[in-house]
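Source file upload-v5.cif; content: mmCIF, C-alpha atoms and all ligand atoms.
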```cif
data_start
#
loop_
_atom_site.group_PDB
_atom_site.id
_atom_site.type_symbol
_atom_site.label_atom_id
_atom_site.label_comp_id
_atom_site.auth_asym_id
_atom_site.auth_seq_id
_atom_site.Cartn_x
_atom_site.Cartn_y
_atom_site.Cartn_z
ATOM 1 C CA MET A 1 -10.968 19.926 -53.484
ATOM 2 C CA ARG A 2 -8.203 18.142 -51.628
ATOM 3 C CA THR A 3 -10.151 18.377 -48.405
ATOM 4 C CA THR A 4 -13.315 17.221 -50.072
ATOM 5 C CA SER A 5 -11.785 14.114 -51.600
ATOM 6 C CA PHE A 6 -10.375 13.055 -48.233
ATOM 7 C CA PHE A 7 -13.729 13.482 -46.557
ATOM 8 C CA VAL A 8 -15.402 11.574 -49.368
ATOM 9 C CA SER A 9 -13.169 8.625 -48.597
ATOM 10 C CA LEU A 10 -13.914 9.087 -44.902
ATOM 11 C CA ALA A 11 -17.613 8.860 -45.590
ATOM 12 C CA THR A 12 -17.151 5.967 -47.973
ATOM 13 C CA ALA A 13 -15.210 4.017 -45.408
ATOM 14 C CA ALA A 14 -17.514 4.944 -42.609
ATOM 15 C CA PHE A 15 -20.766 4.115 -44.261
ATOM 16 C CA PHE A 16 -20.344 1.975 -47.363
ATOM 17 C CA CYS A 17 -17.064 0.066 -47.481
ATOM 18 C CA SER A 18 -16.109 -3.335 -46.247
ATOM 19 C CA ALA A 19 -15.250 -2.502 -42.682
ATOM 20 C CA SER A 20 -12.196 -4.744 -42.594
ATOM 21 C CA THR A 21 -10.236 -2.389 -44.855
ATOM 22 C CA VAL A 22 -10.104 0.216 -42.133
ATOM 23 C CA ALA A 23 -10.137 -2.008 -39.078
ATOM 24 C CA GLN A 24 -7.894 -1.114 -36.198
ATOM 25 C CA ALA A 25 -8.016 -4.553 -34.695
ATOM 26 C CA GLY A 26 -6.255 -5.659 -31.565
ATOM 27 C CA ALA A 27 -6.633 -2.310 -29.925
ATOM 28 C CA GLY A 28 -9.361 -3.072 -27.466
ATOM 29 C CA HIS A 29 -12.241 -5.271 -26.516
ATOM 30 C CA ALA A 30 -15.597 -4.606 -28.039
ATOM 31 C CA ALA A 31 -18.254 -4.174 -25.447
ATOM 32 C CA ASP A 32 -21.657 -5.566 -26.331
ATOM 33 C CA HIS A 33 -23.304 -2.401 -27.474
ATOM 34 C CA SER A 34 -25.632 -3.799 -30.085
ATOM 35 C CA HIS A 35 -28.435 -2.106 -28.152
ATOM 36 C CA VAL A 36 -26.727 1.301 -28.221
ATOM 37 C CA PRO A 37 -28.010 3.685 -30.911
ATOM 38 C CA GLY A 38 -25.580 4.799 -33.627
ATOM 39 C CA PRO A 39 -23.737 3.479 -36.705
ATOM 40 C CA SER A 40 -22.971 -0.264 -36.866
ATOM 41 C CA VAL A 41 -19.203 0.090 -36.335
ATOM 42 C CA LYS A 42 -18.019 -1.479 -33.061
ATOM 43 C CA VAL A 43 -16.165 0.749 -30.629
ATOM 44 C CA GLY A 44 -13.872 -0.537 -27.869
ATOM 45 C CA ALA A 45 -11.812 0.803 -24.981
ATOM 46 C CA SER A 46 -8.414 -0.376 -23.786
ATOM 47 C CA GLU A 47 -5.886 0.853 -21.258
ATOM 48 C CA VAL A 48 -2.712 2.478 -22.624
ATOM 49 C CA ASN A 49 -0.591 3.335 -19.584
ATOM 50 C CA GLY A 50 -1.146 4.735 -16.096
ATOM 51 C CA ASN A 51 -4.543 6.409 -15.976
ATOM 52 C CA VAL A 52 -4.847 6.887 -19.741
ATOM 53 C CA SER A 53 -6.966 4.717 -22.037
ATOM 54 C CA VAL A 54 -7.964 4.830 -25.677
ATOM 55 C CA VAL A 55 -11.315 4.278 -27.382
ATOM 56 C CA MET A 56 -11.334 3.420 -31.086
ATOM 57 C CA GLY A 57 -13.377 1.909 -33.880
ATOM 58 C CA LEU A 58 -12.685 -1.839 -33.914
ATOM 59 C CA ASP A 59 -14.167 -3.087 -37.172
ATOM 60 C CA GLY A 60 -14.557 0.104 -39.140
ATOM 61 C CA PHE A 61 -14.169 3.851 -39.052
ATOM 62 C CA ALA A 62 -15.622 5.711 -36.069
ATOM 63 C CA GLY A 63 -13.326 8.738 -36.342
ATOM 64 C CA GLY A 64 -10.019 9.642 -34.723
ATOM 65 C CA ASN A 65 -8.794 7.755 -31.668
ATOM 66 C CA VAL A 66 -10.189 9.088 -28.396
ATOM 67 C CA GLY A 67 -7.793 9.479 -25.460
ATOM 68 C CA VAL A 68 -9.302 9.183 -21.969
ATOM 69 C CA LEU A 69 -7.889 10.215 -18.581
ATOM 70 C CA THR A 70 -9.745 8.633 -15.684
ATOM 71 C CA GLY A 71 -9.563 9.368 -11.990
ATOM 72 C CA PRO A 72 -11.501 10.418 -8.917
ATOM 73 C CA ASP A 73 -11.853 14.020 -10.111
ATOM 74 C CA GLY A 74 -13.711 12.929 -13.243
ATOM 75 C CA LEU A 75 -13.032 12.262 -16.900
ATOM 76 C CA LEU A 76 -11.035 14.139 -19.507
ATOM 77 C CA ILE A 77 -11.344 13.065 -23.141
ATOM 78 C CA VAL A 78 -9.240 14.024 -26.137
ATOM 79 C CA ASP A 79 -11.408 14.082 -29.319
ATOM 80 C CA ASN A 80 -14.844 12.509 -29.645
ATOM 81 C CA PHE A 81 -15.359 10.639 -32.975
ATOM 82 C CA MET A 82 -17.557 11.259 -36.030
ATOM 83 C CA PRO A 83 -21.076 12.648 -35.643
ATOM 84 C CA GLY A 84 -23.488 9.902 -34.581
ATOM 85 C CA PHE A 85 -21.075 7.980 -32.341
ATOM 86 C CA GLN A 86 -21.881 9.840 -29.109
ATOM 87 C CA HIS A 87 -23.789 7.012 -27.438
ATOM 88 C CA LYS A 88 -21.248 4.377 -28.470
ATOM 89 C CA LEU A 89 -18.466 6.517 -27.053
ATOM 90 C CA GLU A 90 -20.363 7.009 -23.800
ATOM 91 C CA HIS A 91 -20.964 3.287 -23.575
ATOM 92 C CA ALA A 92 -17.272 2.531 -24.154
ATOM 93 C CA LEU A 93 -16.270 5.053 -21.465
ATOM 94 C CA ASN A 94 -18.541 3.250 -19.030
ATOM 95 C CA THR A 95 -16.818 -0.077 -19.743
ATOM 96 C CA LEU A 96 -13.375 1.186 -18.669
ATOM 97 C CA LYS A 97 -12.232 -0.868 -15.687
ATOM 98 C CA THR A 98 -10.341 2.065 -14.210
ATOM 99 C CA CYS A 99 -13.512 4.066 -14.252
ATOM 100 C CA SER A 100 -15.580 2.325 -11.612
ATOM 101 C CA ASP A 101 -15.247 5.340 -9.310
ATOM 102 C CA CYS A 102 -14.964 8.002 -11.990
ATOM 103 C CA GLY A 103 -17.013 11.140 -11.805
ATOM 104 C CA ASP A 104 -18.517 13.152 -14.637
ATOM 105 C CA LEU A 105 -16.861 14.311 -17.816
ATOM 106 C CA LYS A 106 -15.060 17.523 -16.835
ATOM 107 C CA TYR A 107 -12.745 18.349 -19.753
ATOM 108 C CA LEU A 108 -13.030 17.928 -23.501
ATOM 109 C CA ILE A 109 -10.039 18.674 -25.734
ATOM 110 C CA ASN A 110 -10.115 18.791 -29.560
ATOM 111 C CA THR A 111 -6.701 18.073 -31.143
ATOM 112 C CA HIS A 112 -7.963 19.974 -34.233
ATOM 113 C CA TRP A 113 -11.197 20.981 -35.974
ATOM 114 C CA HIS A 114 -11.913 18.030 -38.332
ATOM 115 C CA PHE A 115 -15.337 16.500 -37.780
ATOM 116 C CA ASP A 116 -14.000 12.972 -37.315
ATOM 117 C CA HIS A 117 -12.441 14.315 -34.058
ATOM 118 C CA SER A 118 -14.973 16.912 -32.942
ATOM 119 C CA GLY A 119 -18.187 15.378 -34.301
ATOM 120 C CA ASN A 120 -19.892 15.139 -30.915
ATOM 121 C CA ASN A 121 -18.807 18.379 -29.250
ATOM 122 C CA ASP A 122 -22.426 19.493 -29.068
ATOM 123 C CA HIS A 123 -23.337 16.354 -27.140
ATOM 124 C CA PHE A 124 -20.426 16.248 -24.704
ATOM 125 C CA GLY A 125 -19.712 19.968 -24.354
ATOM 126 C CA ASP A 126 -22.718 20.836 -22.260
ATOM 127 C CA ASN A 127 -21.263 20.153 -18.831
ATOM 128 C CA ALA A 128 -17.569 19.929 -19.684
ATOM 129 C CA VAL A 129 -14.938 22.588 -20.322
ATOM 130 C CA LEU A 130 -14.004 22.429 -24.027
ATOM 131 C CA ILE A 131 -10.481 23.439 -25.035
ATOM 132 C CA THR A 132 -9.017 23.922 -28.545
ATOM 133 C CA HIS A 133 -6.341 25.901 -30.321
ATOM 134 C CA GLU A 134 -7.387 29.511 -31.006
ATOM 135 C CA THR A 135 -7.576 28.972 -34.798
ATOM 136 C CA VAL A 136 -10.251 26.295 -34.326
ATOM 137 C CA ARG A 137 -13.016 28.374 -32.740
ATOM 138 C CA PRO A 138 -13.809 30.482 -35.854
ATOM 139 C CA LEU A 139 -14.105 27.290 -37.934
ATOM 140 C CA TYR A 140 -16.842 26.058 -35.582
ATOM 141 C CA GLN A 141 -18.808 29.255 -36.063
ATOM 142 C CA LYS A 142 -19.793 28.327 -39.626
ATOM 143 C CA GLN A 143 -21.366 25.429 -41.467
ATOM 144 C CA HIS A 144 -19.131 23.187 -43.604
ATOM 145 C CA ASP A 145 -20.576 21.613 -46.764
ATOM 146 C CA TYR A 146 -19.254 18.443 -48.377
ATOM 147 C CA PRO A 147 -21.472 18.180 -51.460
ATOM 148 C CA GLU A 148 -19.678 15.158 -52.959
ATOM 149 C CA MET A 149 -20.720 13.068 -49.975
ATOM 150 C CA LYS A 150 -24.034 14.863 -49.496
ATOM 151 C CA MET A 151 -22.963 15.836 -46.017
ATOM 152 C CA VAL A 152 -23.382 19.078 -44.137
ATOM 153 C CA VAL A 153 -21.598 19.670 -40.850
ATOM 154 C CA PRO A 154 -23.579 22.407 -39.111
ATOM 155 C CA LYS A 155 -21.926 25.099 -37.039
ATOM 156 C CA LYS A 156 -21.448 24.000 -33.447
ATOM 157 C CA THR A 157 -24.097 24.798 -30.894
ATOM 158 C CA ARG A 158 -23.197 26.838 -27.839
ATOM 159 C CA ALA A 159 -22.329 23.606 -26.007
ATOM 160 C CA GLY A 160 -19.971 22.531 -28.802
ATOM 161 C CA MET A 161 -17.981 25.770 -28.907
ATOM 162 C CA PRO A 162 -14.623 26.006 -27.111
ATOM 163 C CA ASP A 163 -14.737 27.579 -23.643
ATOM 164 C CA ILE A 164 -10.982 28.091 -23.585
ATOM 165 C CA THR A 165 -8.597 28.533 -26.523
ATOM 166 C CA ILE A 166 -4.832 28.287 -26.295
ATOM 167 C CA ALA A 167 -2.145 29.964 -28.404
ATOM 168 C CA GLN A 168 1.070 28.060 -27.830
ATOM 169 C CA LYS A 169 1.010 26.052 -24.634
ATOM 170 C CA ALA A 170 -1.139 25.348 -21.595
ATOM 171 C CA THR A 171 -1.075 23.031 -18.600
ATOM 172 C CA ILE A 172 -4.037 21.388 -16.879
ATOM 173 C CA TYR A 173 -3.693 19.872 -13.403
ATOM 174 C CA PHE A 174 -6.352 17.204 -13.035
ATOM 175 C CA ASN A 175 -6.626 13.772 -11.402
ATOM 176 C CA GLY A 176 -3.107 14.207 -10.049
ATOM 177 C CA GLU A 177 -1.735 14.487 -13.600
ATOM 178 C CA GLU A 178 0.140 17.339 -15.197
ATOM 179 C CA ILE A 179 -1.317 17.561 -18.704
ATOM 180 C CA GLU A 180 0.618 19.580 -21.255
ATOM 181 C CA LEU A 181 -1.157 20.996 -24.318
ATOM 182 C CA MET A 182 1.259 22.042 -27.052
ATOM 183 C CA HIS A 183 0.424 23.737 -30.341
ATOM 184 C CA TYR A 184 2.365 22.617 -33.417
ATOM 185 C CA PRO A 185 1.849 25.085 -36.314
ATOM 186 C CA LYS A 186 1.526 24.390 -40.081
ATOM 187 C CA SER A 187 1.311 20.607 -39.737
ATOM 188 C CA HIS A 188 -1.853 18.543 -40.306
ATOM 189 C CA THR A 189 -3.812 21.835 -40.122
ATOM 190 C CA SER A 190 -2.934 25.259 -38.726
ATOM 191 C CA GLY A 191 -4.361 24.426 -35.297
ATOM 192 C CA ASP A 192 -3.025 21.072 -34.096
ATOM 193 C CA VAL A 193 -2.615 20.491 -30.360
ATOM 194 C CA ALA A 194 -0.750 17.528 -28.842
ATOM 195 C CA VAL A 195 -1.787 16.419 -25.350
ATOM 196 C CA TYR A 196 0.866 14.902 -23.079
ATOM 197 C CA PHE A 197 -0.064 13.171 -19.806
ATOM 198 C CA LYS A 198 3.175 13.450 -17.865
ATOM 199 C CA GLY A 199 2.455 11.084 -14.975
ATOM 200 C CA SER A 200 1.098 8.333 -17.213
ATOM 201 C CA ASN A 201 3.725 9.106 -19.895
ATOM 202 C CA VAL A 202 1.254 9.018 -22.782
ATOM 203 C CA VAL A 203 0.992 11.569 -25.597
ATOM 204 C CA HIS A 204 -2.017 11.936 -27.912
ATOM 205 C CA LEU A 205 -0.737 13.441 -31.171
ATOM 206 C CA GLY A 206 -4.057 13.674 -33.001
ATOM 207 C CA ASP A 207 -3.683 13.706 -36.788
ATOM 208 C CA LEU A 208 -0.069 14.840 -36.589
ATOM 209 C CA TYR A 209 0.506 11.094 -36.538
ATOM 210 C CA PHE A 210 -1.066 8.349 -38.653
ATOM 211 C CA ASN A 211 0.547 5.119 -37.472
ATOM 212 C CA GLY A 212 1.787 2.982 -40.371
ATOM 213 C CA THR A 213 -0.049 4.819 -43.154
ATOM 214 C CA PHE A 214 0.396 7.922 -45.266
ATOM 215 C CA PRO A 215 -1.200 10.812 -43.367
ATOM 216 C CA TYR A 216 -3.783 13.264 -44.605
ATOM 217 C CA VAL A 217 -2.482 16.842 -44.619
ATOM 218 C CA ASP A 218 -5.107 19.593 -44.883
ATOM 219 C CA LEU A 219 -3.294 21.979 -47.232
ATOM 220 C CA ASP A 220 -6.441 24.095 -47.613
ATOM 221 C CA ASN A 221 -6.430 24.857 -43.885
ATOM 222 C CA GLY A 222 -2.829 25.698 -43.128
ATOM 223 C CA GLY A 223 -1.393 22.169 -43.188
ATOM 224 C CA ASN A 224 1.952 21.382 -44.839
ATOM 225 C CA VAL A 225 4.003 18.193 -45.175
ATOM 226 C CA LEU A 226 7.269 19.999 -44.401
ATOM 227 C CA GLY A 227 5.753 21.562 -41.289
ATOM 228 C CA MET A 228 4.408 18.191 -40.211
ATOM 229 C CA THR A 229 7.863 16.655 -40.650
ATOM 230 C CA ALA A 230 9.425 19.384 -38.489
ATOM 231 C CA THR A 231 6.715 18.766 -35.886
ATOM 232 C CA ILE A 232 7.392 15.029 -35.683
ATOM 233 C CA GLU A 233 11.106 15.744 -35.387
ATOM 234 C CA ALA A 234 10.350 18.124 -32.495
ATOM 235 C CA ALA A 235 7.992 15.604 -30.885
ATOM 236 C CA LEU A 236 10.680 12.916 -30.919
ATOM 237 C CA GLU A 237 12.947 15.352 -29.060
ATOM 238 C CA HIS A 238 10.304 16.627 -26.668
ATOM 239 C CA TYR A 239 8.608 13.457 -25.380
ATOM 240 C CA PRO A 240 10.480 10.707 -23.496
ATOM 241 C CA ALA A 241 11.847 7.763 -25.501
ATOM 242 C CA ASP A 242 9.633 5.361 -23.531
ATOM 243 C CA ALA A 243 6.415 7.360 -23.967
ATOM 244 C CA LYS A 244 3.324 5.666 -25.392
ATOM 245 C CA VAL A 245 1.846 7.432 -28.391
ATOM 246 C CA ILE A 246 -1.823 7.624 -29.381
ATOM 247 C CA PRO A 247 -2.052 8.511 -33.084
ATOM 248 C CA GLY A 248 -5.049 10.193 -34.680
ATOM 249 C CA HIS A 249 -5.528 7.046 -36.742
ATOM 250 C CA GLY A 250 -4.014 3.575 -36.415
ATOM 251 C CA PRO A 251 -2.974 1.541 -33.381
ATOM 252 C CA VAL A 252 -1.269 2.929 -30.275
ATOM 253 C CA SER A 253 2.531 2.777 -30.544
ATOM 254 C CA GLY A 254 5.808 3.691 -28.921
ATOM 255 C CA MET A 255 8.341 6.264 -30.092
ATOM 256 C CA VAL A 256 10.080 3.699 -32.348
ATOM 257 C CA GLU A 257 7.065 3.620 -34.665
ATOM 258 C CA LEU A 258 6.906 7.417 -34.564
ATOM 259 C CA LYS A 259 10.528 7.492 -35.739
ATOM 260 C CA ALA A 260 9.653 5.120 -38.608
ATOM 261 C CA TYR A 261 6.870 7.541 -39.550
ATOM 262 C CA LEU A 262 9.376 10.418 -39.554
ATOM 263 C CA ASP A 263 11.703 8.424 -41.812
ATOM 264 C CA MET A 264 8.820 7.835 -44.232
ATOM 265 C CA LEU A 265 7.937 11.554 -44.253
ATOM 266 C CA LYS A 266 11.540 12.563 -44.930
ATOM 267 C CA GLU A 267 12.469 9.952 -47.492
ATOM 268 C CA THR A 268 9.302 10.151 -49.582
ATOM 269 C CA THR A 269 9.580 13.951 -49.536
ATOM 270 C CA GLU A 270 13.136 13.686 -50.899
ATOM 271 C CA ILE A 271 11.934 11.511 -53.797
ATOM 272 C CA VAL A 272 9.192 13.984 -54.706
ATOM 273 C CA ARG A 273 11.450 17.007 -54.210
ATOM 274 C CA ASP A 274 14.144 15.623 -56.541
ATOM 275 C CA ALA A 275 11.545 14.906 -59.213
ATOM 276 C CA LYS A 276 9.928 18.340 -58.876
ATOM 277 C CA ASN A 277 13.327 20.051 -59.006
ATOM 278 C CA ALA A 278 14.069 18.094 -62.190
ATOM 279 C CA GLY A 279 11.025 19.789 -63.728
ATOM 280 C CA MET A 280 8.524 16.945 -63.535
ATOM 281 C CA SER A 281 4.814 17.731 -63.296
ATOM 282 C CA LEU A 282 2.686 16.237 -60.524
ATOM 283 C CA GLU A 283 1.193 13.730 -62.972
ATOM 284 C CA GLU A 284 4.679 12.675 -64.082
ATOM 285 C CA VAL A 285 5.804 12.152 -60.475
ATOM 286 C CA GLN A 286 2.663 10.105 -59.748
ATOM 287 C CA LYS A 287 3.334 7.996 -62.839
ATOM 288 C CA LYS A 288 6.921 7.413 -61.693
ATOM 289 C CA GLY A 289 5.708 6.556 -58.172
ATOM 290 C CA LEU A 290 7.702 6.060 -54.988
ATOM 291 C CA ASP A 291 10.144 3.348 -54.070
ATOM 292 C CA GLU A 292 8.443 -0.052 -53.611
ATOM 293 C CA ARG A 293 9.345 -0.029 -49.894
ATOM 294 C CA TRP A 294 6.686 2.614 -49.248
ATOM 295 C CA SER A 295 3.814 0.739 -50.916
ATOM 296 C CA SER A 296 2.523 -0.709 -47.632
ATOM 297 C CA TRP A 297 1.853 2.840 -46.357
ATOM 298 C CA SER A 298 -0.851 3.340 -48.992
ATOM 299 C CA TRP A 299 -4.389 2.777 -47.656
ATOM 300 C CA VAL A 300 -8.040 3.361 -48.355
ATOM 301 C CA PHE A 301 -7.926 7.043 -47.338
ATOM 302 C CA ILE A 302 -4.537 8.132 -48.728
ATOM 303 C CA SER A 303 -3.199 6.243 -51.736
ATOM 304 C CA THR A 304 0.377 6.644 -52.962
ATOM 305 C CA ASP A 305 -0.875 9.061 -55.658
ATOM 306 C CA ALA A 306 -2.720 11.145 -53.063
ATOM 307 C CA TRP A 307 0.335 11.223 -50.828
ATOM 308 C CA ILE A 308 2.596 12.316 -53.720
ATOM 309 C CA ALA A 309 0.140 15.133 -54.462
ATOM 310 C CA GLN A 310 0.175 16.340 -50.856
ATOM 311 C CA VAL A 311 3.978 16.361 -50.776
ATOM 312 C CA TYR A 312 4.288 17.954 -54.240
ATOM 313 C CA ASN A 313 1.871 20.732 -53.286
ATOM 314 C CA SER A 314 3.644 21.321 -49.966
ATOM 315 C CA LEU A 315 6.977 22.064 -51.634
HETATM 316 ZN ZN ZN A 401 -8.677 12.339 -38.409
HETATM 317 ZN ZN ZN A 402 -7.711 15.545 -39.164
#
```

How does the structure come out when it is put into structure tokens?
Ligand SMILES: [Zn+2]
Ligand SMILES: [Zn+2]
Amino acid sequence: MRTTSFFVSLATAAFFCSASTVAQAGAGHAADHSHVPGPSVKVGASEVNGNVSVVMGLDGFAGGNVGVLTGPDGLLIVDNFMPGFQHKLEHALNTLKTCSDCGDLKYLINTHWHFDHSGNNDHFGDNAVLITHETVRPLYQKQHDYPEMKMVVPKKTRAGMPDITIAQKATIYFNGEEIELMHYPKSHTSGDVAVYFKGSNVVHLGDLYFNGTFPYVDLDNGGNVLGMTATIEAALEHYPADAKVIPGHGPVSGMVELKAYLDMLKETTEIVRDAKNAGMSLEEVQKKGLDERWSSWSWVFISTDAWIAQVYNSL
């Protein structure tokens, strides 16, 4: 139910809503891809640091932010948008300035299993090595139904299935970069992987991090707000203070914004915890609400009420 309602809002935003409510403006230049098949949302690429770029929806929801490593050995991408955006993503990759001498797509990493991040595995996985956490592969072996939004996500084809799964940690050496894959348990899901490009000093945190908004936490699939909080605390320790951070959703940031996100997680959790310990029901806590200072974190996908429910049910 919790999962379903989040994906309903995903679909609503993606296909029906005023696009401006979910815009991630200022994050890139839109290439002219009016001729490219796919949904009407514009997709744009921009450089982040070193050899790492990001591709994101510019005027609406295309899915989670896509991290891109370019170089003479070929391309590596982290996540690949909602189903249907494969041609727009390809087009955006071709517009990257740093990519004039890039080779083929060699590696594909999924930060986690959600279809707004892995929606085009089948398309891109054919000639690339696909890597996920080990808990993700079984989820791709079955169909997922979202009846409220009349959507069915079929099981992945052979091309869309992971070739390599990792348990805790792995390192890829590619394009002269040392790329660290780190699993963070019980956070957004049970199988979240963060990808850190050491040489370029950029980390892609997937949906462990929603920049400036309340995050979605998939409690039905091993996610937990307390686990996510511990993960962000660990990430702030682990990655350099001057690292650039690609969130799953929202604009690219530095570690300062990640710290603000941690503060929000901790302080809103305290409010809900105190109320729950005082014997209040979920409905009573929602009626009471959070401090006014957190109101700007509410957004089309996760309202304050939805966030309170996720925290309440994580405790
Ligand atoms: Zn997402
Ligand atoms: Zn997700």

Margin query: Ranking A:Lys186, A:Lys106, A:His249, A:Lys266 by minimum distance to A:Gly212 and counting all atoms listed in the file, which one comes first?
Written below: A:His249

Taking the file as shown, what set of residues would the PyMOL selection byres (((chain A and resi 176) around 12) and not hetatm) give back, as a PDB file with C-alpha atoms, keeping the file's coordinate frame?
```
ATOM      1  CA  GLY A  50      -1.146   4.735 -16.096  1.00  0.00           C
ATOM      2  CA  ASN A  51      -4.543   6.409 -15.976  1.00  0.00           C
ATOM      3  CA  LEU A  69      -7.889  10.215 -18.581  1.00  0.00           C
ATOM      4  CA  THR A  70      -9.745   8.633 -15.684  1.00  0.00           C
ATOM      5  CA  GLY A  71      -9.563   9.368 -11.990  1.00  0.00           C
ATOM      6  CA  PRO A  72     -11.501  10.418  -8.917  1.00  0.00           C
ATOM      7  CA  ASP A  73     -11.853  14.020 -10.111  1.00  0.00           C
ATOM      8  CA  GLY A  74     -13.711  12.929 -13.243  1.00  0.00           C
ATOM      9  CA  ILE A 172      -4.037  21.388 -16.879  1.00  0.00           C
ATOM     10  CA  TYR A 173      -3.693  19.872 -13.403  1.00  0.00           C
ATOM     11  CA  PHE A 174      -6.352  17.204 -13.035  1.00  0.00           C
ATOM     12  CA  ASN A 175      -6.626  13.772 -11.402  1.00  0.00           C
ATOM     13  CA  GLU A 177      -1.735  14.487 -13.600  1.00  0.00           C
ATOM     14  CA  GLU A 178       0.140  17.339 -15.197  1.00  0.00           C
ATOM     15  CA  ILE A 179      -1.317  17.561 -18.704  1.00  0.00           C
ATOM     16  CA  PHE A 197      -0.064  13.171 -19.806  1.00  0.00           C
ATOM     17  CA  LYS A 198       3.175  13.450 -17.865  1.00  0.00           C
ATOM     18  CA  GLY A 199       2.455  11.084 -14.975  1.00  0.00           C
ATOM     19  CA  SER A 200       1.098   8.333 -17.213  1.00  0.00           C
TER      20      SER A 200
END
```

Once 8 Å is added on each side, what are the centre and the three edge lengths, in Å to one decimal, of the axis-aligned box enclosing the listed atoms of stretch 206-214 of chain A? Present them as lines of an AutoDock Vina configuration file.
```
center_x = -1.1
center_y = 8.9
center_z = -39.1
size_x = 21.8
size_y = 27.9
size_z = 28.3
```

Note to self: For a quick check of understanding, using all atoms listed in the file, which of A:Asn120, A:Thr95, A:Gln286, A:Thr165 has the smallest distance to A:Thr132?
What the structure shows: A:Thr165

Check: Which is closest to ligand ZN 402 (chain A) among A:Asn313, A:Ser303, A:Asn201, A:Asn65, if we use only C-alpha atoms and all ligand atoms?
Finding: A:Asn65

Checklist line | At most 7 Å from ligand ZN 401 (chain A) (all atoms listed in the file): residue list as an NGL selection string | finding: :A and (63-64 or 114 or 116-117 or 207 or 248-249)

Next item on the list: List the residues matched by the PyMOL selection byres (((not hetatm)) within 12 of (chain A and resi 402)) in the displayed structure as a PyMOL selection string, ordered by chain and then by residue number.
Entry: chain A and resi 3+6-7+10+63-65+79+81-82+110-119+187-193+205-210+215-219+221-223+247-249+301

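Run against this file, the PyMOL selection byres (((chain A and resi 122) around 10) and not hetatm) gives back Pro83, Gln86, Ser118, Gly119, Asn120, Asn121, His123, Phe124, Gly125, Asp126, Lys155, Lys156, Thr157, Arg158, Ala159, Gly160 and Met161 of chain A.
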
Keeping only C-alpha atoms, write the selected residues to a file as an mmCIF file, in the frame of the given file.
```cif
data_model
loop_
_atom_site.group_PDB
_atom_site.id
_atom_site.type_symbol
_atom_site.label_atom_id
_atom_site.label_comp_id
_atom_site.auth_asym_id
_atom_site.auth_seq_id
_atom_site.Cartn_x
_atom_site.Cartn_y
_atom_site.Cartn_z
ATOM 1 C CA PRO A 83 -21.076 12.648 -35.643
ATOM 2 C CA GLN A 86 -21.881 9.840 -29.109
ATOM 3 C CA SER A 118 -14.973 16.912 -32.942
ATOM 4 C CA GLY A 119 -18.187 15.378 -34.301
ATOM 5 C CA ASN A 120 -19.892 15.139 -30.915
ATOM 6 C CA ASN A 121 -18.807 18.379 -29.250
ATOM 7 C CA HIS A 123 -23.337 16.354 -27.140
ATOM 8 C CA PHE A 124 -20.426 16.248 -24.704
ATOM 9 C CA GLY A 125 -19.712 19.968 -24.354
ATOM 10 C CA ASP A 126 -22.718 20.836 -22.260
ATOM 11 C CA LYS A 155 -21.926 25.099 -37.039
ATOM 12 C CA LYS A 156 -21.448 24.000 -33.447
ATOM 13 C CA THR A 157 -24.097 24.798 -30.894
ATOM 14 C CA ARG A 158 -23.197 26.838 -27.839
ATOM 15 C CA ALA A 159 -22.329 23.606 -26.007
ATOM 16 C CA GLY A 160 -19.971 22.531 -28.802
ATOM 17 C CA MET A 161 -17.981 25.770 -28.907
#
```

Item checked: Using all atoms listed in the file: which of A:Ala234, A:Val52, A:Leu290, A:Asp263 has the shortest distance to A:Tyr196 ->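 Under the stated criterion, the closest residue is A:Val52.
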
Next item on the list: For A:Ala241, list every protein, DNA or RNA residue within 9 Å, evaluated using all atoms listed in the file, and leave out those in the same chain fewer than 3 positions away; present the list as a ChimeraX atom specification.
Entry: /A:236-237,244,254-256

Next item on the list: Pick out the closest residue to A:Val195 from this set: A:Asp163, A:Glu180, A:Asp220, A:Glu233. Count all atoms listed in the file.
Entry: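 Looking only at the distances to A:Val195, the closest residue turns out to be A:Glu180.
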
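Going from atom CA of A:Gly289 over to atom CA of A:Val272, you cover 8.9 Å.
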
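Note that the spacing between atom CA of A:Met149 and atom CA of A:Gly60 amounts to 18.0 Å.
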
Next item on the list: Find, counting all atoms listed in the file, the residue in A:Leu75, A:Val202, A:Val153, A:Ile166 that gets nearest to A:Asn127.
Entry: A:Leu75

Note to self: One number please: atom CA of A:His133 to atom CA of A:Trp299, in Å, one decimal.
What the structure shows: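 Taking atom CA of A:His133 and atom CA of A:Trp299, their separation equals 29.0 Å.
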
Is there a way to complete stretch 190-194 of chain A with N, CA and C atoms and then write that out as a compact mmCIF listing (two decimals), in the frame of the given file?
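Listing of rebuild-v8.txt after writing:
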```
# COMPACT_ATOMS: atom_id res chain seq x y z
N SER A 190 -3.64 24.15 -39.38
CA SER A 190 -2.93 25.26 -38.73
C SER A 190 -3.10 25.21 -37.20
N GLY A 191 -4.02 24.38 -36.73
CA GLY A 191 -4.36 24.43 -35.30
C GLY A 191 -4.28 23.10 -34.58
N ASP A 192 -3.18 22.37 -34.75
CA ASP A 192 -3.02 21.07 -34.10
C ASP A 192 -2.46 21.21 -32.69
N VAL A 193 -3.08 20.49 -31.75
CA VAL A 193 -2.62 20.49 -30.36
C VAL A 193 -2.31 19.05 -29.95
N ALA A 194 -1.11 18.84 -29.40
CA ALA A 194 -0.75 17.53 -28.84
C ALA A 194 -0.98 17.58 -27.33
```
